[in-house]
>>> print(open('structure-v1.cif').read())   # mmCIF, C-alpha atoms (C1' of nucleotides)
data_structure
#
loop_
_atom_site.label_atom_id
_atom_site.label_comp_id
_atom_site.auth_asym_id
_atom_site.auth_seq_id
_atom_site.Cartn_x
_atom_site.Cartn_y
_atom_site.Cartn_z
CA MET A 725 73.38 51.43 110.74
CA SER A 726 74.82 48.64 112.83
CA GLU A 727 77.32 49.20 115.60
CA THR A 728 80.78 48.72 114.26
CA ARG A 729 83.89 48.13 116.22
CA GLN A 730 86.02 51.18 116.86
CA ASP A 731 89.42 49.59 116.86
CA ILE A 732 91.44 51.51 114.34
CA GLY A 733 94.15 53.84 115.61
CA ILE A 734 94.85 57.19 114.02
CA GLY A 735 98.02 55.97 112.34
CA GLU A 736 96.29 53.04 110.71
CA LEU A 737 93.40 55.22 109.60
CA ALA A 738 95.76 57.74 108.06
CA ARG A 739 97.73 55.02 106.32
CA ARG A 740 94.58 53.55 104.82
CA ALA A 741 93.54 56.88 103.37
CA GLY A 742 97.03 57.82 102.29
CA CYS A 743 97.72 60.70 104.59
CA LEU A 744 99.41 61.52 107.89
CA PRO A 745 97.95 61.34 111.40
CA GLU A 746 98.54 65.06 111.63
CA THR A 747 96.22 65.55 108.69
CA VAL A 748 93.51 63.49 110.38
CA ARG A 749 93.74 65.61 113.50
CA TYR A 750 93.66 68.68 111.29
CA TYR A 751 90.44 67.51 109.58
CA GLU A 752 88.90 66.87 112.96
CA HIS A 753 90.00 70.33 114.07
CA VAL A 754 88.33 72.03 111.10
CA GLY A 755 85.24 69.87 111.39
CA LEU A 756 85.50 67.61 108.34
CA LEU A 757 85.81 64.57 110.58
CA HIS A 758 83.59 64.21 113.62
CA GLU A 759 85.16 63.77 117.00
CA THR A 760 85.56 60.10 117.66
CA SER A 761 85.61 57.84 120.68
CA ARG A 762 88.74 57.60 122.78
CA THR A 763 90.48 54.92 124.79
CA GLU A 764 90.76 55.36 128.54
CA GLY A 765 94.15 56.84 127.93
CA GLY A 766 92.69 59.41 125.55
CA GLN A 767 93.75 57.98 122.19
CA ARG A 768 91.39 58.21 119.21
CA ARG A 769 89.77 55.02 117.94
CA TYR A 770 87.97 54.80 114.61
CA GLY A 771 85.68 52.44 112.74
CA GLU A 772 85.19 51.67 109.05
CA GLU A 773 82.87 54.62 108.55
CA ALA A 774 85.71 56.98 109.38
CA VAL A 775 87.89 55.24 106.81
CA ARG A 776 85.24 55.84 104.15
CA ARG A 777 84.76 59.45 105.18
CA LEU A 778 88.45 60.22 105.23
CA THR A 779 88.94 58.51 101.89
CA PHE A 780 86.18 60.65 100.44
CA ILE A 781 87.83 63.77 101.79
CA ARG A 782 91.27 62.89 100.45
CA HIS A 783 89.80 61.97 97.13
CA ALA A 784 87.85 65.20 96.79
CA ARG A 785 90.98 67.15 97.79
CA ASP A 786 92.90 65.25 95.12
CA PHE A 787 90.34 66.51 92.67
CA GLY A 788 91.24 70.01 93.75
CA PHE A 789 88.08 70.79 95.70
CA SER A 790 88.75 73.27 98.49
CA VAL A 791 88.16 72.22 102.07
CA GLU A 792 85.08 74.43 102.08
CA ALA A 793 83.72 72.64 99.01
CA VAL A 794 84.49 69.27 100.57
CA ARG A 795 82.57 70.34 103.64
CA GLU A 796 79.51 71.01 101.49
CA LEU A 797 79.89 67.79 99.54
CA LEU A 798 80.11 65.85 102.79
CA ALA A 799 77.02 67.55 104.15
CA MET A 800 75.18 66.46 101.03
CA SER A 801 76.44 62.92 100.99
CA ASP A 802 75.19 62.71 104.57
CA ARG A 803 71.64 63.30 103.23
CA PRO A 804 71.20 60.69 100.47
CA ASP A 805 67.54 61.50 99.92
CA MET A 806 68.24 65.09 98.96
CA CYS A 807 68.22 66.27 95.39
CA CYS A 808 71.75 66.35 94.04
CA ASP A 809 71.42 69.62 92.14
CA GLU A 810 73.68 71.31 94.60
CA VAL A 811 76.36 68.66 94.19
CA ASP A 812 76.14 69.26 90.49
CA THR A 813 76.43 73.02 91.01
CA ILE A 814 79.54 72.71 93.14
CA ALA A 815 81.18 70.38 90.65
CA LYS A 816 80.31 72.64 87.73
CA HIS A 817 81.60 75.68 89.53
CA HIS A 818 84.80 73.85 90.24
CA LEU A 819 85.04 72.80 86.60
CA GLU A 820 84.73 76.43 85.54
CA GLU A 821 87.54 77.42 87.83
CA VAL A 822 89.69 74.63 86.52
CA GLU A 823 88.99 75.68 82.96
CA SER A 824 89.79 79.32 83.53
CA ARG A 825 92.99 78.36 85.27
CA LEU A 826 93.84 76.12 82.32
CA GLN A 827 93.41 79.00 79.92
CA ARG A 828 95.59 81.36 81.88
CA LEU A 829 98.20 78.68 82.36
CA SER A 830 98.43 77.91 78.68
CA ALA A 831 98.69 81.59 77.79
CA LEU A 832 101.50 81.76 80.31
CA ARG A 833 103.20 78.76 78.77
CA ASP A 834 103.07 80.36 75.33
CA GLU A 835 104.58 83.56 76.62
CA LEU A 836 107.33 81.70 78.46
CA GLN A 837 108.13 79.68 75.37
CA ARG A 838 108.34 82.85 73.31
CA MET A 839 110.60 84.47 75.90
CA ILE A 840 112.90 81.51 76.06
CA GLY A 841 112.97 81.09 72.31
CA GLN A 842 114.16 84.65 71.89
CA CYS A 843 116.97 84.47 74.40
CA ALA A 844 120.12 84.26 72.34
CA GLY A 845 122.29 83.22 75.25
CA GLY A 846 124.56 86.24 75.44
CA LYS A 847 124.88 88.74 78.25
CA VAL A 848 122.12 89.56 80.71
CA GLU A 849 122.24 93.03 79.22
CA SER A 850 120.63 91.81 76.05
CA CYS A 851 118.57 88.99 77.51
CA ARG A 852 115.09 88.90 76.10
CA ILE A 853 113.72 87.23 79.21
CA ILE A 854 114.84 90.03 81.48
CA GLU A 855 113.66 92.53 78.92
CA VAL A 856 110.21 91.08 78.71
CA LEU A 857 109.93 90.97 82.46
CA SER A 858 111.13 94.57 82.72
CA ASP A 859 108.80 95.91 80.10
CA HIS A 860 105.26 94.69 79.87
CA GLN A 861 104.94 96.32 76.43
CA LEU A 862 107.04 93.54 75.00
CA CYS A 863 104.44 90.95 75.89
CA ASP A 864 102.35 89.42 73.21
CA SER A 865 99.05 89.78 74.95
CA ASP A 866 98.16 91.98 77.83
CA THR A 867 95.21 89.91 78.85
CA ALA A 868 97.01 86.60 78.78
CA HIS A 869 98.45 86.57 82.25
CA GLY A 870 96.81 89.31 84.20
CA GLY A 871 96.13 86.86 86.99
CA ALA A 872 98.86 84.36 86.47
CA HIS A 873 100.12 84.85 90.00
CA ASP A 874 97.15 82.74 90.95
CA LEU A 875 98.99 79.81 89.52
CA GLY A 876 101.66 79.35 92.12
CA GLU A 877 101.88 76.01 93.79
CA PRO A 878 100.70 75.81 97.36
CA PRO A 879 103.66 75.19 99.64
CA ALA A 880 102.35 71.96 101.09
CA ALA A 881 102.13 70.41 97.65
CA ALA A 882 105.86 70.31 97.07
CA ALA A 883 106.48 68.89 100.51
CA ARG A 884 103.90 66.16 99.97
CA ARG A 885 105.78 64.92 96.94
CA THR A 886 109.07 64.50 98.78
CA MET B 1035 123.88 106.72 87.59
CA SER B 1036 122.70 110.25 88.12
CA GLU B 1037 121.00 111.32 91.32
CA THR B 1038 117.29 111.16 90.86
CA ARG B 1039 114.72 112.79 93.03
CA GLN B 1040 113.16 110.62 95.69
CA ASP B 1041 109.76 112.18 95.82
CA ILE B 1042 107.37 109.30 95.35
CA GLY B 1043 105.35 108.11 98.32
CA ILE B 1044 104.64 104.47 98.97
CA GLY B 1045 101.00 104.78 97.88
CA GLU B 1046 101.92 106.35 94.56
CA LEU B 1047 104.64 103.74 93.99
CA ALA B 1048 102.22 100.93 94.71
CA ARG B 1049 99.59 102.43 92.45
CA ARG B 1050 102.06 102.75 89.59
CA ALA B 1051 103.03 99.09 89.84
CA GLY B 1052 99.51 97.91 90.45
CA CYS B 1053 99.79 96.66 93.98
CA LEU B 1054 99.13 97.75 97.54
CA PRO B 1055 101.43 99.69 99.89
CA GLU B 1056 101.37 96.66 102.18
CA THR B 1057 102.84 94.61 99.38
CA VAL B 1058 105.65 97.13 98.90
CA ARG B 1059 106.52 96.98 102.59
CA TYR B 1060 106.34 93.20 102.37
CA TYR B 1061 108.82 93.15 99.48
CA GLU B 1062 111.13 95.40 101.46
CA HIS B 1063 110.76 93.10 104.43
CA VAL B 1064 111.75 90.02 102.42
CA GLY B 1065 114.54 91.88 100.66
CA LEU B 1066 113.23 92.19 97.11
CA LEU B 1067 113.19 95.96 97.45
CA HIS B 1068 116.10 97.77 99.09
CA GLU B 1069 115.41 99.99 102.03
CA THR B 1070 114.82 103.47 100.79
CA SER B 1071 115.32 106.99 102.08
CA ARG B 1072 112.85 108.45 104.51
CA THR B 1073 111.43 111.85 105.27
CA GLU B 1074 112.25 113.44 108.62
CA GLY B 1075 109.00 112.05 109.88
CA GLY B 1076 110.01 108.54 108.84
CA GLN B 1077 107.95 108.04 105.70
CA ARG B 1078 109.43 106.18 102.74
CA ARG B 1079 110.30 108.12 99.61
CA TYR B 1080 111.13 106.47 96.31
CA GLY B 1081 112.59 107.38 92.91
CA GLU B 1082 111.99 106.11 89.41
CA GLU B 1083 114.40 103.21 89.87
CA ALA B 1084 112.14 101.78 92.55
CA VAL B 1085 109.19 102.02 90.19
CA ARG B 1086 111.10 100.00 87.61
CA ARG B 1087 112.21 97.44 90.15
CA LEU B 1088 108.78 96.99 91.63
CA THR B 1089 107.24 96.74 88.18
CA PHE B 1090 109.74 94.03 87.31
CA ILE B 1091 108.84 92.15 90.48
CA ARG B 1092 105.10 92.38 89.94
CA HIS B 1093 105.52 91.39 86.36
CA ALA B 1094 107.62 88.35 87.16
CA ARG B 1095 105.11 87.38 89.86
CA ASP B 1096 102.35 87.72 87.27
CA PHE B 1097 104.27 85.24 85.19
CA GLY B 1098 104.06 82.88 88.10
CA PHE B 1099 107.67 83.03 89.20
CA SER B 1100 108.05 82.42 92.91
CA VAL B 1101 109.46 85.14 95.12
CA GLU B 1102 112.66 83.09 95.37
CA ALA B 1103 112.93 82.92 91.59
CA VAL B 1104 112.28 86.65 91.36
CA ARG B 1105 115.06 87.24 93.84
CA GLU B 1106 117.47 85.37 91.58
CA LEU B 1107 116.24 87.11 88.45
CA LEU B 1108 116.71 90.47 90.17
CA ALA B 1109 120.20 89.57 91.24
CA MET B 1110 121.03 88.76 87.63
CA SER B 1111 119.41 91.83 86.15
CA ASP B 1112 121.57 93.79 88.58
CA ARG B 1113 124.66 92.39 86.80
CA PRO B 1114 124.10 93.15 83.11
CA ASP B 1115 127.54 91.98 82.02
CA MET B 1116 126.96 88.47 83.25
CA CYS B 1117 126.11 85.58 80.99
CA CYS B 1118 122.38 85.02 80.96
CA ASP B 1119 122.47 81.23 80.97
CA GLU B 1120 121.13 81.17 84.48
CA VAL B 1121 118.21 83.38 83.54
CA ASP B 1122 117.45 80.94 80.80
CA THR B 1123 117.69 78.01 83.20
CA ILE B 1124 115.26 79.55 85.66
CA ALA B 1125 112.79 80.37 82.91
CA LYS B 1126 113.04 76.89 81.44
CA HIS B 1127 112.59 75.27 84.82
CA HIS B 1128 109.55 77.41 85.35
CA LEU B 1129 108.21 76.45 81.94
CA GLU B 1130 108.54 72.79 82.83
CA GLU B 1131 106.55 73.30 86.00
CA VAL B 1132 103.89 75.17 84.13
CA GLU B 1133 103.65 72.40 81.57
CA SER B 1134 103.34 69.63 84.12
CA ARG B 1135 100.69 71.59 85.95
CA LEU B 1136 98.86 72.04 82.66
CA GLN B 1137 98.83 68.34 82.05
CA ARG B 1138 97.47 67.48 85.46
CA LEU B 1139 94.88 70.23 85.24
CA SER B 1140 93.57 69.04 81.92
CA ALA B 1141 93.33 65.45 83.14
CA LEU B 1142 91.38 66.80 86.08
CA ARG B 1143 89.09 68.75 83.77
CA ASP B 1144 88.34 65.63 81.75
CA GLU B 1145 87.49 63.68 84.87
CA LEU B 1146 85.26 66.46 86.19
CA GLN B 1147 83.47 66.68 82.86
CA ARG B 1148 82.91 62.95 82.86
CA MET B 1149 81.59 63.06 86.42
CA ILE B 1150 79.22 65.92 85.67
CA GLY B 1151 78.06 64.39 82.43
CA GLN B 1152 77.04 61.23 84.24
CA CYS B 1153 75.04 62.93 86.98
CA ALA B 1154 71.42 62.36 86.04
CA GLY B 1155 70.10 64.97 88.46
CA GLY B 1156 68.17 62.71 90.80
CA LYS B 1157 68.83 62.05 94.46
CA VAL B 1158 72.22 62.33 96.13
CA GLU B 1159 71.91 58.61 96.75
CA SER B 1160 72.46 57.87 93.09
CA CYS B 1161 74.68 60.84 92.25
CA ARG B 1162 77.63 59.86 90.11
CA ILE B 1163 79.72 62.73 91.40
CA ILE B 1164 79.45 61.61 94.99
CA GLU B 1165 79.99 58.03 93.87
CA VAL B 1166 83.16 58.83 92.01
CA LEU B 1167 84.48 60.81 94.92
CA SER B 1168 83.63 57.98 97.29
CA ASP B 1169 85.19 55.28 95.23
CA HIS B 1170 88.42 55.88 93.42
CA GLN B 1171 87.89 52.71 91.38
CA LEU B 1172 85.28 54.53 89.35
CA CYS B 1173 87.84 56.96 88.03
CA ASP B 1174 88.94 56.68 84.47
CA SER B 1175 92.63 56.91 85.11
CA ASP B 1176 94.45 56.45 88.32
CA THR B 1177 97.40 58.47 87.23
CA ALA B 1178 95.39 61.40 85.97
CA HIS B 1179 95.04 63.36 89.17
CA GLY B 1180 97.39 61.92 91.69
CA GLY B 1181 98.69 65.35 92.40
CA ALA B 1182 95.69 67.44 91.60
CA HIS B 1183 95.61 68.90 95.08
CA ASP B 1184 98.57 70.95 93.87
CA LEU B 1185 96.11 72.91 91.85
CA GLY B 1186 94.33 74.78 94.55
CA GLU B 1187 94.31 78.50 94.37
CA PRO B 1188 96.48 80.37 96.80
CA PRO B 1189 94.33 82.18 99.33
CA ALA B 1190 95.63 85.62 98.48
CA ALA B 1191 94.51 85.23 94.89
CA ALA B 1192 90.83 85.22 95.69
CA ALA B 1193 91.19 88.20 97.98
CA ARG B 1194 93.09 90.12 95.33
CA ARG B 1195 90.16 89.80 92.95
CA THR B 1196 87.63 91.35 95.32
"C1'" DA C 1232 109.46 45.22 133.76
"C1'" DT C 1233 110.91 47.46 130.07
"C1'" DA C 1234 111.64 48.97 125.59
"C1'" DA C 1235 109.75 50.33 121.24
"C1'" DT C 1236 106.20 52.32 119.19
"C1'" DC C 1237 102.45 54.84 119.04
"C1'" DC C 1238 99.75 58.64 120.42
"C1'" DC C 1239 98.52 63.13 122.90
"C1'" DT C 1240 98.24 68.58 122.89
"C1'" DC C 1241 100.06 72.76 121.66
"C1'" DT C 1242 102.60 75.77 118.96
"C1'" DA C 1243 105.11 77.40 115.14
"C1'" DG C 1244 106.20 77.19 110.36
"C1'" DC C 1245 105.59 77.33 105.00
"C1'" DA C 1246 104.03 81.01 100.65
"C1'" DA C 1247 102.78 85.44 99.63
"C1'" DC C 1248 100.59 88.38 100.89
"C1'" DT C 1249 96.18 91.08 103.27
"C1'" DA C 1250 94.05 93.41 106.97
"C1'" DC C 1251 93.66 95.32 110.83
"C1'" DA C 1252 94.77 98.46 115.33
"C1'" DG C 1253 96.49 102.38 117.22
"C1'" DG C 1254 99.31 105.98 116.48
"C1'" DT C 1255 102.16 109.70 113.51
"C1'" DT C 1256 103.10 112.78 109.58
"C1'" DC C 1257 102.11 115.28 105.58
"C1'" DA C 1258 99.90 118.53 102.46
"C1'" DA C 1259 96.33 121.43 101.58
"C1'" DG C 1260 92.82 124.66 102.83
"C1'" DT C 1261 91.21 128.38 105.79
"C1'" DA D 580 99.16 129.53 112.13
"C1'" DC D 581 95.96 126.07 112.54
"C1'" DT D 582 93.11 122.42 111.41
"C1'" DT D 583 91.41 118.75 108.89
"C1'" DG D 584 91.79 114.57 106.37
"C1'" DA D 585 94.37 111.58 103.87
"C1'" DA D 586 98.29 109.06 103.76
"C1'" DC D 587 101.66 106.90 106.28
"C1'" DC D 588 104.08 104.23 110.23
"C1'" DT D 589 105.00 99.63 113.02
"C1'" DG D 590 103.58 95.44 114.57
"C1'" DT D 591 100.71 91.62 114.75
"C1'" DA D 592 97.30 88.39 113.27
"C1'" DG D 593 94.77 86.23 109.60
"C1'" DT D 594 94.33 83.49 105.13
"C1'" DT D 595 94.88 77.98 103.07
"C1'" DG D 596 95.98 73.35 104.00
"C1'" DC D 597 98.48 71.24 105.95
"C1'" DT D 598 103.54 69.67 108.14
"C1'" DA D 599 106.90 69.41 111.80
"C1'" DG D 600 108.52 69.70 116.20
"C1'" DA D 601 108.66 69.78 121.48
"C1'" DG D 602 107.70 67.49 125.51
"C1'" DG D 603 105.18 64.51 127.33
"C1'" DG D 604 101.69 60.01 128.14
"C1'" DA D 605 99.57 55.33 126.39
"C1'" DT D 606 99.81 50.88 124.35
"C1'" DT D 607 101.85 46.76 122.97
"C1'" DA D 608 105.22 43.18 122.64
"C1'" DT D 609 108.85 40.79 124.66
#
>>> encode(input="structure-v1.cif", output="structure tokens")
Amino acid sequence: MSETRQDIGIGELARRAGCLPETVRYYEHVGLLHETSRTEGGQRRYGEEAVRRLTFIRHARDFGFSVEAVRELLAMSDRPDMCCDEVDTIAKHHLEEVESRLQRLSALRDELQRMIGQCAGGKVESCRIIEVLSDHQLCDSDTAHGGAHDLGEPPAAAARRT
Amino acid sequence: MSETRQDIGIGELARRAGCLPETVRYYEHVGLLHETSRTEGGQRRYGEEAVRRLTFIRHARDFGFSVEAVRELLAMSDRPDMCCDEVDTIAKHHLEEVESRLQRLSALRDELQRMIGQCAGGKVESCRIIEVLSDHQLCDSDTAHGGAHDLGEPPAAAARRT
DNA sequence: ATAATCCCTCTAGCAACTACAGGTTCAAGT
DNA sequence: ACTTGAACCTGTAGTTGCTAGAGGGATTAT
């Protein structure tokens, strides 16, 4: 590897990867990004390699890989001569999780649609939605959403969209 | 309403609704459950009404409603003579969220499947998975997973399964 | 020289709980 | 009556993956 100039500030780096400087510092803090060189005044300076690494991280996170999984993927991409079985394993494991979440989500959607379809729009007293929520027996399937509380949106996600 | 006996301990209540005592105290803390009577020694005692209320909460959470949404649903179920339009609105809004999440998740699944299918199983150097993660250009669709990081599993979910 | 940005560290906050620590109370058995 | 053991209490810290703010210092452009 040749020496590259380290002349990118944290703000520029973040902008190039589509995140905030705070996020960069966070990744450094949790060890996804190495500590980098500093100016005399103590400000971080990065090179192109950091841009690539951060882009990889953001991209993997966009794919829904956990930070832990990203850590492993990074470790592997740092050793290009290794066998990529493990990469494959992580991706497949992630795919399985995504698929199981898809199943539970679509069962949940069906149940919600049923609930809403049955609500006649009268008083709360006779509301099917409240009824179904009050009495599990009224559900179509018992297995359909046993773990649906796993499907909540992480708080940061909403904020990121604003 | 007739006076009912308050002779259920927090552990029994939690067990009946399928959660932990800590969760019950948490719901009290955030105001989903009213404060209840106590023994002389200061321990909480509940009646059947609390069992129903907690069951409703757990059930709504299972459906993926946020705690805030549950709070609103509870407020409405407490007023049975009200019009249930608002219940309907909350449920429909939730359904929309579920559907959009479904779409993004299935786009993500397709992309993961494509990635995995293309990995020939050699060295990391030539691994398609790493390549795709490194270079967004290699993705099929750019719109497919722009918000896929919304799909991570809340931390508590994993713990709850252990 | 000075103003406008940028950047620094540290801490707290979000959701929705879970998990302790260190102490108290209850119910049952002897 | 006493003792044991389980259940309970409060309060705080941890989880994930960031984001936001306070209260400063550094860099850059004019």
>>> residues_near_point(input="structure-v1.cif", point="(109.0, 70.8, 121.0)", cutoff="10 Å", atoms="all atoms listed in the file", output="ChimeraX atom specification")
/C:1241-1243 /D:599-603
>>> calpha_fit_and_write(input="structure-v1.cif", fixed="chain A", moving="chain B", output="short mmCIF file (atom, residue, chain, number, x, y, z; two decimals) with C-alpha atoms, in the coordinates of the input")
data_model
loop_
_atom_site.label_atom_id
_atom_site.label_comp_id
_atom_site.auth_asym_id
_atom_site.auth_seq_id
_atom_site.Cartn_x
_atom_site.Cartn_y
_atom_site.Cartn_z
CA MET B 1035 73.55 51.22 111.04
CA SER B 1036 75.08 48.37 112.96
CA GLU B 1037 77.68 48.94 115.64
CA THR B 1038 81.09 48.52 114.15
CA ARG B 1039 84.27 48.01 116.04
CA GLN B 1040 86.36 51.09 116.66
CA ASP B 1041 89.76 49.53 116.62
CA ILE B 1042 91.71 51.54 114.10
CA GLY B 1043 94.40 53.90 115.35
CA ILE B 1044 95.00 57.29 113.81
CA GLY B 1045 98.20 56.15 112.08
CA GLU B 1046 96.50 53.19 110.44
CA LEU B 1047 93.55 55.37 109.39
CA ALA B 1048 95.87 57.93 107.87
CA ARG B 1049 97.86 55.27 106.07
CA ARG B 1050 94.71 53.75 104.59
CA ALA B 1051 93.59 57.09 103.19
CA GLY B 1052 97.05 58.11 102.10
CA CYS B 1053 97.69 61.00 104.41
CA LEU B 1054 99.40 61.83 107.68
CA PRO B 1055 97.99 61.57 111.22
CA GLU B 1056 98.48 65.32 111.51
CA THR B 1057 96.14 65.78 108.59
CA VAL B 1058 93.49 63.62 110.27
CA ARG B 1059 93.69 65.71 113.43
CA TYR B 1060 93.53 68.81 111.27
CA TYR B 1061 90.34 67.59 109.58
CA GLU B 1062 88.85 66.88 112.98
CA HIS B 1063 89.87 70.33 114.11
CA VAL B 1064 88.14 72.03 111.17
CA GLY B 1065 85.11 69.78 111.47
CA LEU B 1066 85.39 67.59 108.38
CA LEU B 1067 85.79 64.53 110.58
CA HIS B 1068 83.59 64.07 113.64
CA GLU B 1069 85.24 63.62 116.98
CA THR B 1070 85.70 59.95 117.60
CA SER B 1071 85.83 57.64 120.59
CA ARG B 1072 88.98 57.42 122.63
CA THR B 1073 90.80 54.78 124.60
CA GLU B 1074 91.07 55.20 128.36
CA GLY B 1075 94.43 56.75 127.77
CA GLY B 1076 92.93 59.31 125.41
CA GLN B 1077 93.98 57.96 122.03
CA ARG B 1078 91.60 58.16 119.08
CA ARG B 1079 90.02 54.98 117.77
CA TYR B 1080 88.18 54.78 114.47
CA GLY B 1081 85.89 52.39 112.58
CA GLU B 1082 85.39 51.64 108.92
CA GLU B 1083 83.01 54.57 108.47
CA ALA B 1084 85.83 56.96 109.29
CA VAL B 1085 88.00 55.30 106.68
CA ARG B 1086 85.31 55.87 104.08
CA ARG B 1087 84.78 59.45 105.13
CA LEU B 1088 88.44 60.30 105.16
CA THR B 1089 88.93 58.62 101.80
CA PHE B 1090 86.10 60.71 100.39
CA ILE B 1091 87.72 63.86 101.76
CA ARG B 1092 91.16 63.06 100.40
CA HIS B 1093 89.69 62.12 97.10
CA ALA B 1094 87.68 65.31 96.77
CA ARG B 1095 90.78 67.30 97.77
CA ASP B 1096 92.71 65.45 95.08
CA PHE B 1097 90.12 66.67 92.65
CA GLY B 1098 90.97 70.16 93.74
CA PHE B 1099 87.83 70.90 95.71
CA SER B 1100 88.47 73.35 98.52
CA VAL B 1101 87.93 72.28 102.10
CA GLU B 1102 84.80 74.43 102.14
CA ALA B 1103 83.46 72.67 99.06
CA VAL B 1104 84.29 69.31 100.60
CA ARG B 1105 82.36 70.31 103.69
CA GLU B 1106 79.29 70.97 101.56
CA LEU B 1107 79.71 67.77 99.57
CA LEU B 1108 79.98 65.82 102.82
CA ALA B 1109 76.88 67.44 104.19
CA MET B 1110 75.01 66.36 101.08
CA SER B 1111 76.36 62.84 101.00
CA ASP B 1112 75.12 62.59 104.58
CA ARG B 1113 71.56 63.14 103.27
CA PRO B 1114 71.11 60.56 100.50
CA ASP B 1115 67.43 61.30 99.97
CA MET B 1116 68.08 64.88 99.01
CA CYS B 1117 68.06 66.13 95.45
CA CYS B 1118 71.58 66.27 94.11
CA ASP B 1119 71.23 69.52 92.20
CA GLU B 1120 73.49 71.25 94.65
CA VAL B 1121 76.18 68.63 94.21
CA ASP B 1122 75.96 69.25 90.52
CA THR B 1123 76.20 73.00 91.04
CA ILE B 1124 79.33 72.73 93.15
CA ALA B 1125 80.98 70.41 90.66
CA LYS B 1126 80.08 72.66 87.75
CA HIS B 1127 81.34 75.73 89.54
CA HIS B 1128 84.55 73.91 90.22
CA LEU B 1129 84.81 72.87 86.59
CA GLU B 1130 84.48 76.49 85.53
CA GLU B 1131 87.32 77.50 87.81
CA VAL B 1132 89.47 74.71 86.52
CA GLU B 1133 88.78 75.75 82.95
CA SER B 1134 89.60 79.40 83.52
CA ARG B 1135 92.79 78.43 85.27
CA LEU B 1136 93.65 76.20 82.33
CA GLN B 1137 93.24 79.06 79.92
CA ARG B 1138 95.44 81.41 81.88
CA LEU B 1139 98.05 78.73 82.39
CA SER B 1140 98.29 77.94 78.72
CA ALA B 1141 98.61 81.61 77.80
CA LEU B 1142 101.40 81.79 80.35
CA ARG B 1143 103.08 78.74 78.84
CA ASP B 1144 103.00 80.31 75.39
CA GLU B 1145 104.56 83.50 76.69
CA LEU B 1146 107.26 81.60 78.57
CA GLN B 1147 108.05 79.56 75.48
CA ARG B 1148 108.32 82.70 73.41
CA MET B 1149 110.59 84.31 75.99
CA ILE B 1150 112.86 81.28 76.20
CA GLY B 1151 112.95 80.83 72.46
CA GLN B 1152 114.21 84.37 72.03
CA CYS B 1153 117.01 84.14 74.57
CA ALA B 1154 120.17 83.84 72.51
CA GLY B 1155 122.30 82.72 75.45
CA GLY B 1156 124.65 85.68 75.66
CA LYS B 1157 125.00 88.17 78.48
CA VAL B 1158 122.24 89.08 80.92
CA GLU B 1159 122.45 92.55 79.43
CA SER B 1160 120.84 91.37 76.23
CA CYS B 1161 118.69 88.59 77.68
CA ARG B 1162 115.20 88.59 76.26
CA ILE B 1163 113.76 86.97 79.35
CA ILE B 1164 114.95 89.74 81.62
CA GLU B 1165 113.86 92.28 79.03
CA VAL B 1166 110.36 90.92 78.80
CA LEU B 1167 110.06 90.83 82.55
CA SER B 1168 111.34 94.38 82.79
CA ASP B 1169 109.07 95.78 80.16
CA HIS B 1170 105.52 94.62 79.89
CA GLN B 1171 105.23 96.24 76.46
CA LEU B 1172 107.28 93.42 75.02
CA CYS B 1173 104.63 90.89 75.90
CA ASP B 1174 102.56 89.41 73.17
CA SER B 1175 99.22 89.86 74.83
CA ASP B 1176 98.35 92.05 77.71
CA THR B 1177 95.37 90.02 78.67
CA ALA B 1178 97.14 86.70 78.60
CA HIS B 1179 98.52 86.62 82.11
CA GLY B 1180 96.87 89.34 84.07
CA GLY B 1181 96.07 86.89 86.76
CA ALA B 1182 98.87 84.43 86.35
CA HIS B 1183 100.03 84.95 89.91
CA ASP B 1184 97.00 82.83 90.79
CA LEU B 1185 98.92 79.91 89.48
CA GLY B 1186 101.52 79.54 92.14
CA GLU B 1187 101.75 76.26 93.89
CA PRO B 1188 100.49 76.09 97.43
CA PRO B 1189 103.39 75.65 99.82
CA ALA B 1190 102.15 72.38 101.25
CA ALA B 1191 102.18 70.79 97.82
CA ALA B 1192 105.93 70.89 97.45
CA ALA B 1193 106.44 69.54 100.94
CA ARG B 1194 104.01 66.71 100.30
CA ARG B 1195 106.13 65.51 97.39
CA THR B 1196 109.32 65.18 99.41
#
>>> resolve_selection(input="structure-v1.cif", expression="the PyMOL selection byres ((chain B and resi 1053) around 12)", output="PyMOL selection string")
(chain B and resi 1044-1052+1054-1061+1085+1088-1089+1091-1093+1095-1096+1194-1195) or (chain C and resi 1248-1249)
>>> residues_near_point(input="structure-v1.cif", point="(84.5, 63.4, 91.8)", cutoff="12 Å", atoms="only C-alpha atoms (C1' of nucleotides)", output="ChimeraX atom specification")
/A:780-789,793-794,797,811-812,814-816,818-819 /B:1142-1153,1161-1174,1179,1182
>>> resolve_selection(input="structure-v1.cif", expression="the PyMOL selection byres ((chain D and resi 583) around 9)", output="JSON, numbers by chain")
{"C": [1260], "D": [582, 584]}
>>> interface_residues(input="structure-v1.cif", of="chain C", to="chain A", cutoff="7 Å", atoms="only C-alpha atoms (C1' of nucleotides)", output="PDB file with C-alpha atoms (C1' of nucleotides), in the coordinates of the input")
ATOM      1  C1'  DC C1238      99.750  58.640 120.420  1.00  0.00           C
ATOM      2  C1'  DC C1245     105.590  77.330 105.000  1.00  0.00           C
ATOM      3  C1'  DA C1246     104.030  81.010 100.650  1.00  0.00           C
TER       4       DA C1246
END
>>> residues_around(input="structure-v1.cif", residues="DA1235 in chain C", least_positions_apart="3", cutoff="12 Å", atoms="all atoms listed in the file", output="PyMOL selection string")
chain D and resi 606-609
>>> atom_distance(input="structure-v1.cif", atom1="CA of Ser761 in chain A", atom2="CA of Glu1159 in chain B")
27.6 Å
>>> residues_around(input="structure-v1.cif", residues="DT589 in chain D", least_positions_apart="2", cutoff="10 Å", atoms="all atoms listed in the file", output="number ranges by chain")
C: 1253-1254; D: 591
